[in-house]
Amino acid sequence: MDTLLSMKVFCQVVQSGSFTRAAEHLDISLPMASKHVGHLEKTIQARLLYRNKRNLKLTEQGERYYQDCLLALDILEQAANQAGAGISQPRGLLRLTAPVWFSNPIFAGWLAEFQARYPEVELMLTLTNRSVDLNSDGEDLALRMSRQLAENVIAKPLAQIPFYLVASPAYLAKAGIPRTPAELSAHYGILPSYTDILQTPFSLNGHTETLDLKTKVRSNNTLMNYQLTMAGAGIGYLPQWLVDDDLKSQRLVRLLSDYHTPAIPLYAVYTSRDFLSAKVRCFIDFIAQKSSDTV
């Protein structure tokens, strides 16, 4: 039998002063109420109640056990309430993993705004370019960019992140400004290794072209590509969030801005839809709203 339920029945019998009234209160049969108390007595190998037709009385062992049961049930109820509060109210530690290049002014500003809005949530950030196993690594949530996710993950689409062809003014002054995808053949590319820009279609007025860009550097570290592009090593293919400020200040120049290219989807990835905590739900909704406003 369920020992926890038996403890509840036993306490109710004592509080009601009667098996009959306890059974009615708990909506169980009288024989079942008696079985639960008998189960406890067998479990602890001690008699808990003196019983006759008119009344019942706790034994000495029963009195001590009754007090212990009240304390144990109260602790369990408090634990359930605290855990339940984490389901309904955003609080506690939120372990989040994201690509390294998310250490940019836009995303940092969002995190600051999230913490101001939900001060009881503590963020534990892991920025990495490897695909984290949420089950084994203990992360609550992963932000991932991909055009094709694995089939065994639960993912919520958040936004489409545009990537731009950009270069420093110093590089363009030396190498010239390409006006069409074909003119890129004379230039060097600083390219991400996680997406193949050379297979990405660039379209203008219904006409589609692919790039003929000489690969100078490929890296899975977008921040390294960014620094190389800023240093004038070539033309970078970088996410909008990372280069927005540089484009506004003209530290970088966007190329082929009239051409359209497919953006890369951003997903929130988590392990289970069941009992999704408020801190995770709120963070997903918050980032979805902020990213859709930005793009």
# chains A, B, ... in the order shown; residues from 1 in each chain; ligands from 1
$ closest_atom_pairs --of "stretch 16-93 of chain A" --to "stretch 2-7 of chain A" --cutoff "10 Å" --atoms "only C-alpha atoms" --output "CSV"
residue,atom,partner,partner_atom,distance
A:Met32,CA,A:Ser6,CA,9.8
A:Ala33,CA,A:Ser6,CA,8.2
A:Ser34,CA,A:Ser6,CA,9.6
A:Lys35,CA,A:Ser6,CA,8.5
A:His36,CA,A:Ser6,CA,4.7
A:Val37,CA,A:Ser6,CA,6.3
A:Gly38,CA,A:Ser6,CA,8.9
A:His39,CA,A:Ser6,CA,7.2
A:Leu40,CA,A:Ser6,CA,6.7
A:Thr43,CA,A:Thr3,CA,8.7
A:Tyr65,CA,A:Met7,CA,9.5
A:Tyr66,CA,A:Met7,CA,8.5
A:Asp68,CA,A:Met7,CA,9.9
A:Cys69,CA,A:Met7,CA,6.3
A:Leu70,CA,A:Met7,CA,8.6
A:Ala72,CA,A:Met7,CA,9.3
A:Leu73,CA,A:Met7,CA,8.2
$ select_by_dssp --residues "stretch 131-290 of chain A" --states "helix (DSSP H, G or I)" --output "ChimeraX atom specification"
/A:134-137,169-175,181-186,197-199,222-230,240-248,278-290
$ residues_around --residues "stretch 246-248 of chain A" --least-positions-apart "5" --cutoff "12 Å" --atoms "only C-alpha atoms" --output "list in words"
Asn104, Pro105, Tyr164, Leu165, Val166, Ala167, Ser168, Pro169, Tyr226, Gln227, Thr229, Met230, Leu238, Pro239, Gln240, Trp241, Val253, Arg254, Leu255 and Ser257 of chain A
$ write_last_selection --atoms "C-alpha atoms" --output "PDB file, in the first residue's frame"
ATOM      1  CA  ASN A 104      26.883  41.079 -28.234  1.00  0.00           C
ATOM      2  CA  PRO A 105      25.311  44.405 -27.161  1.00  0.00           C
ATOM      3  CA  TYR A 164      24.925  40.323 -43.829  1.00  0.00           C
ATOM      4  CA  LEU A 165      27.936  40.535 -46.090  1.00  0.00           C
ATOM      5  CA  VAL A 166      30.077  43.247 -44.492  1.00  0.00           C
ATOM      6  CA  ALA A 167      33.577  44.678 -44.769  1.00  0.00           C
ATOM      7  CA  SER A 168      35.665  47.369 -43.168  1.00  0.00           C
ATOM      8  CA  PRO A 169      36.123  50.714 -44.979  1.00  0.00           C
ATOM      9  CA  TYR A 226      33.932  39.488 -36.672  1.00  0.00           C
ATOM     10  CA  GLN A 227      37.360  40.565 -35.420  1.00  0.00           C
ATOM     11  CA  THR A 229      36.471  41.404 -40.678  1.00  0.00           C
ATOM     12  CA  MET A 230      36.975  44.502 -38.516  1.00  0.00           C
ATOM     13  CA  LEU A 238      27.950  37.993 -39.959  1.00  0.00           C
ATOM     14  CA  PRO A 239      24.648  38.094 -38.011  1.00  0.00           C
ATOM     15  CA  GLN A 240      22.702  41.336 -37.865  1.00  0.00           C
ATOM     16  CA  TRP A 241      22.691  41.406 -34.046  1.00  0.00           C
ATOM     17  CA  VAL A 253      29.841  48.639 -44.529  1.00  0.00           C
ATOM     18  CA  ARG A 254      27.045  46.338 -45.632  1.00  0.00           C
ATOM     19  CA  LEU A 255      27.455  44.915 -49.145  1.00  0.00           C
ATOM     20  CA  SER A 257      22.069  45.193 -49.396  1.00  0.00           C
TER      21      SER A 257
END
$ closest_residue --among "A:Leu184, A:Leu143, A:Ala112, A:Leu252" --to "A:Val269" --atoms "only C-alpha atoms"
A:Leu143
$ residues_around --residues "A:Leu93" --least-positions-apart "2" --cutoff "9 Å" --atoms "only C-alpha atoms" --output "list of chain:residue names"
A:Arg91, A:Arg95, A:Glu120, A:Val121, A:Glu122, A:Leu123, A:Met124, A:Lys279
$ write_last_selection --atoms "N, CA and C atoms" --output "PDB file, in the first residue's frame"
ATOM      1  N   ARG A  91      11.135  32.105 -10.931  1.00  0.00           N
ATOM      2  CA  ARG A  91      12.131  32.248  -9.874  1.00  0.00           C
ATOM      3  C   ARG A  91      13.109  31.093  -9.942  1.00  0.00           C
ATOM      4  N   ARG A  95      19.457  27.802 -16.177  1.00  0.00           N
ATOM      5  CA  ARG A  95      20.708  27.438 -16.847  1.00  0.00           C
ATOM      6  C   ARG A  95      20.477  27.492 -18.353  1.00  0.00           C
ATOM      7  N   GLU A 120      13.746  37.600  -9.472  1.00  0.00           N
ATOM      8  CA  GLU A 120      13.929  36.365  -8.700  1.00  0.00           C
ATOM      9  C   GLU A 120      14.529  35.233  -9.536  1.00  0.00           C
ATOM     10  N   VAL A 121      14.819  35.500 -10.806  1.00  0.00           N
ATOM     11  CA  VAL A 121      15.461  34.507 -11.671  1.00  0.00           C
ATOM     12  C   VAL A 121      16.957  34.807 -11.746  1.00  0.00           C
ATOM     13  N   GLU A 122      17.757  33.796 -11.445  1.00  0.00           N
ATOM     14  CA  GLU A 122      19.209  33.912 -11.569  1.00  0.00           C
ATOM     15  C   GLU A 122      19.652  33.192 -12.838  1.00  0.00           C
ATOM     16  N   LEU A 123      20.426  33.871 -13.684  1.00  0.00           N
ATOM     17  CA  LEU A 123      20.871  33.297 -14.954  1.00  0.00           C
ATOM     18  C   LEU A 123      22.258  32.680 -14.816  1.00  0.00           C
ATOM     19  N   MET A 124      22.379  31.447 -15.294  1.00  0.00           N
ATOM     20  CA  MET A 124      23.678  30.783 -15.417  1.00  0.00           C
ATOM     21  C   MET A 124      23.924  30.565 -16.902  1.00  0.00           C
ATOM     22  N   LYS A 279      10.124  30.052 -15.136  1.00  0.00           N
ATOM     23  CA  LYS A 279      11.344  30.765 -15.544  1.00  0.00           C
ATOM     24  C   LYS A 279      11.706  30.446 -16.991  1.00  0.00           C
TER      25      LYS A 279
END
$ select_by_dssp --residues "stretch 171-249 of chain A" --states "strand (DSSP E or B)" --output "JSON, numbers by chain"
{"A": [188, 189, 190, 191, 192, 202, 203, 204, 207, 208, 209, 214, 215, 216, 217, 218, 219, 235, 236, 237, 238, 239]}
$ write_last_selection --atoms "N, CA and C atoms" --output "PDB file, in the first residue's frame"
ATOM      1  N   TYR A 188      38.199  38.119 -50.857  1.00  0.00           N
ATOM      2  CA  TYR A 188      38.383  37.046 -49.887  1.00  0.00           C
ATOM      3  C   TYR A 188      37.254  37.066 -48.855  1.00  0.00           C
ATOM      4  N   GLY A 189      36.818  35.860 -48.483  1.00  0.00           N
ATOM      5  CA  GLY A 189      35.719  35.734 -47.533  1.00  0.00           C
ATOM      6  C   GLY A 189      36.174  35.250 -46.169  1.00  0.00           C
ATOM      7  N   ILE A 190      35.603  35.842 -45.120  1.00  0.00           N
ATOM      8  CA  ILE A 190      35.766  35.379 -43.739  1.00  0.00           C
ATOM      9  C   ILE A 190      34.423  34.749 -43.380  1.00  0.00           C
ATOM     10  N   LEU A 191      34.353  33.419 -43.417  1.00  0.00           N
ATOM     11  CA  LEU A 191      33.057  32.752 -43.457  1.00  0.00           C
ATOM     12  C   LEU A 191      32.833  31.827 -42.260  1.00  0.00           C
ATOM     13  N   PRO A 192      31.565  31.690 -41.832  1.00  0.00           N
ATOM     14  CA  PRO A 192      31.237  30.731 -40.770  1.00  0.00           C
ATOM     15  C   PRO A 192      31.281  29.304 -41.306  1.00  0.00           C
ATOM     16  N   PHE A 202      21.366  34.297 -53.465  1.00  0.00           N
ATOM     17  CA  PHE A 202      21.126  35.733 -53.356  1.00  0.00           C
ATOM     18  C   PHE A 202      20.215  36.124 -54.509  1.00  0.00           C
ATOM     19  N   SER A 203      19.094  36.777 -54.203  1.00  0.00           N
ATOM     20  CA  SER A 203      18.123  37.066 -55.264  1.00  0.00           C
ATOM     21  C   SER A 203      17.830  38.560 -55.344  1.00  0.00           C
ATOM     22  N   LEU A 204      17.582  39.009 -56.549  1.00  0.00           N
ATOM     23  CA  LEU A 204      17.234  40.401 -56.811  1.00  0.00           C
ATOM     24  C   LEU A 204      16.284  40.439 -57.995  1.00  0.00           C
ATOM     25  N   HIS A 207      15.731  37.284 -59.929  1.00  0.00           N
ATOM     26  CA  HIS A 207      16.931  36.649 -60.472  1.00  0.00           C
ATOM     27  C   HIS A 207      17.802  36.171 -59.312  1.00  0.00           C
ATOM     28  N   THR A 208      18.200  34.912 -59.358  1.00  0.00           N
ATOM     29  CA  THR A 208      18.944  34.308 -58.252  1.00  0.00           C
ATOM     30  C   THR A 208      20.367  33.991 -58.674  1.00  0.00           C
ATOM     31  N   GLU A 209      21.306  34.309 -57.799  1.00  0.00           N
ATOM     32  CA  GLU A 209      22.720  34.003 -58.039  1.00  0.00           C
ATOM     33  C   GLU A 209      23.313  33.402 -56.767  1.00  0.00           C
ATOM     34  N   LYS A 214      36.163  33.850 -52.678  1.00  0.00           N
ATOM     35  CA  LYS A 214      37.333  33.066 -52.277  1.00  0.00           C
ATOM     36  C   LYS A 214      37.355  32.912 -50.765  1.00  0.00           C
ATOM     37  N   THR A 215      37.455  31.682 -50.314  1.00  0.00           N
ATOM     38  CA  THR A 215      37.485  31.446 -48.873  1.00  0.00           C
ATOM     39  C   THR A 215      38.884  31.697 -48.332  1.00  0.00           C
ATOM     40  N   LYS A 216      38.973  32.620 -47.410  1.00  0.00           N
ATOM     41  CA  LYS A 216      40.253  32.898 -46.777  1.00  0.00           C
ATOM     42  C   LYS A 216      40.310  32.277 -45.384  1.00  0.00           C
ATOM     43  N   VAL A 217      39.195  32.380 -44.646  1.00  0.00           N
ATOM     44  CA  VAL A 217      39.102  31.798 -43.303  1.00  0.00           C
ATOM     45  C   VAL A 217      37.704  31.239 -43.129  1.00  0.00           C
ATOM     46  N   ARG A 218      37.618  30.043 -42.550  1.00  0.00           N
ATOM     47  CA  ARG A 218      36.341  29.487 -42.075  1.00  0.00           C
ATOM     48  C   ARG A 218      36.492  29.204 -40.582  1.00  0.00           C
ATOM     49  N   SER A 219      35.485  29.561 -39.816  1.00  0.00           N
ATOM     50  CA  SER A 219      35.565  29.340 -38.373  1.00  0.00           C
ATOM     51  C   SER A 219      34.168  29.104 -37.810  1.00  0.00           C
ATOM     52  N   ILE A 235      35.917  39.974 -46.542  1.00  0.00           N
ATOM     53  CA  ILE A 235      34.485  40.227 -46.425  1.00  0.00           C
ATOM     54  C   ILE A 235      33.881  39.185 -45.486  1.00  0.00           C
ATOM     55  N   GLY A 236      33.230  39.655 -44.446  1.00  0.00           N
ATOM     56  CA  GLY A 236      32.621  38.753 -43.477  1.00  0.00           C
ATOM     57  C   GLY A 236      31.155  38.497 -43.766  1.00  0.00           C
ATOM     58  N   TYR A 237      30.679  37.340 -43.308  1.00  0.00           N
ATOM     59  CA  TYR A 237      29.253  36.997 -43.390  1.00  0.00           C
ATOM     60  C   TYR A 237      28.799  36.841 -41.943  1.00  0.00           C
ATOM     61  N   LEU A 238      28.151  37.888 -41.397  1.00  0.00           N
ATOM     62  CA  LEU A 238      27.950  37.993 -39.959  1.00  0.00           C
ATOM     63  C   LEU A 238      26.489  38.300 -39.612  1.00  0.00           C
ATOM     64  N   PRO A 239      26.042  37.871 -38.412  1.00  0.00           N
ATOM     65  CA  PRO A 239      24.648  38.094 -38.011  1.00  0.00           C
ATOM     66  C   PRO A 239      24.358  39.563 -37.721  1.00  0.00           C
TER      67      PRO A 239
END
$ closest_residue --among "A:Val14, A:Ala263, A:Leu111, A:Val9" --to "A:Pro31" --atoms "only C-alpha atoms"
A:Val9
$ closest_residue --among "A:Phe19, A:Phe163, A:Tyr171, A:Tyr50" --to "A:Val243" --atoms "only C-alpha atoms"
A:Phe163
$ closest_residue --among "A:Ala233, A:Met145, A:Gln15, A:Gly206" --to "A:Gln67" --atoms "only C-alpha atoms"
A:Gln15
$ atom_distance --atom1 "atom CA of A:Thr20" --atom2 "atom CA of A:Leu76"
26.2 Å
$ atom_distance --atom1 "atom CA of A:Ala142" --atom2 "atom CA of A:Leu96"
5.8 Å
$ closest_residue --among "A:Ile161, A:Ala288, A:Leu276, A:Ala170" --to "A:Pro262" --atoms "only C-alpha atoms"
A:Ile161
$ atom_distance --atom1 "atom CA of A:Tyr267" --atom2 "atom CA of A:Thr210"
26.3 Å
$ closest_residue --among "A:Glu24, A:Gln89, A:Thr261, A:Gly62" --to "A:Glu41" --atoms "only C-alpha atoms"
A:Gly62
$ residues_around --residues "A:Ala182" --least-positions-apart "4" --cutoff "10 Å" --atoms "only C-alpha atoms" --output "MDAnalysis selection string"
chainID A and resid 178 186 209:213
$ write_last_selection --atoms "C-alpha atoms" --output "tab-separated table (two decimals), in the first residue's frame"
chain	number	residue	atom	x	y	z
A	178	PRO	CA	31.59	44.64	-55.09
A	186	ALA	CA	37.86	39.05	-56.71
A	209	GLU	CA	22.72	34.00	-58.04
A	210	THR	CA	25.17	32.16	-55.80
A	211	LEU	CA	28.38	33.68	-54.56
A	212	ASP	CA	31.82	33.14	-55.98
A	213	LEU	CA	33.79	34.25	-52.96
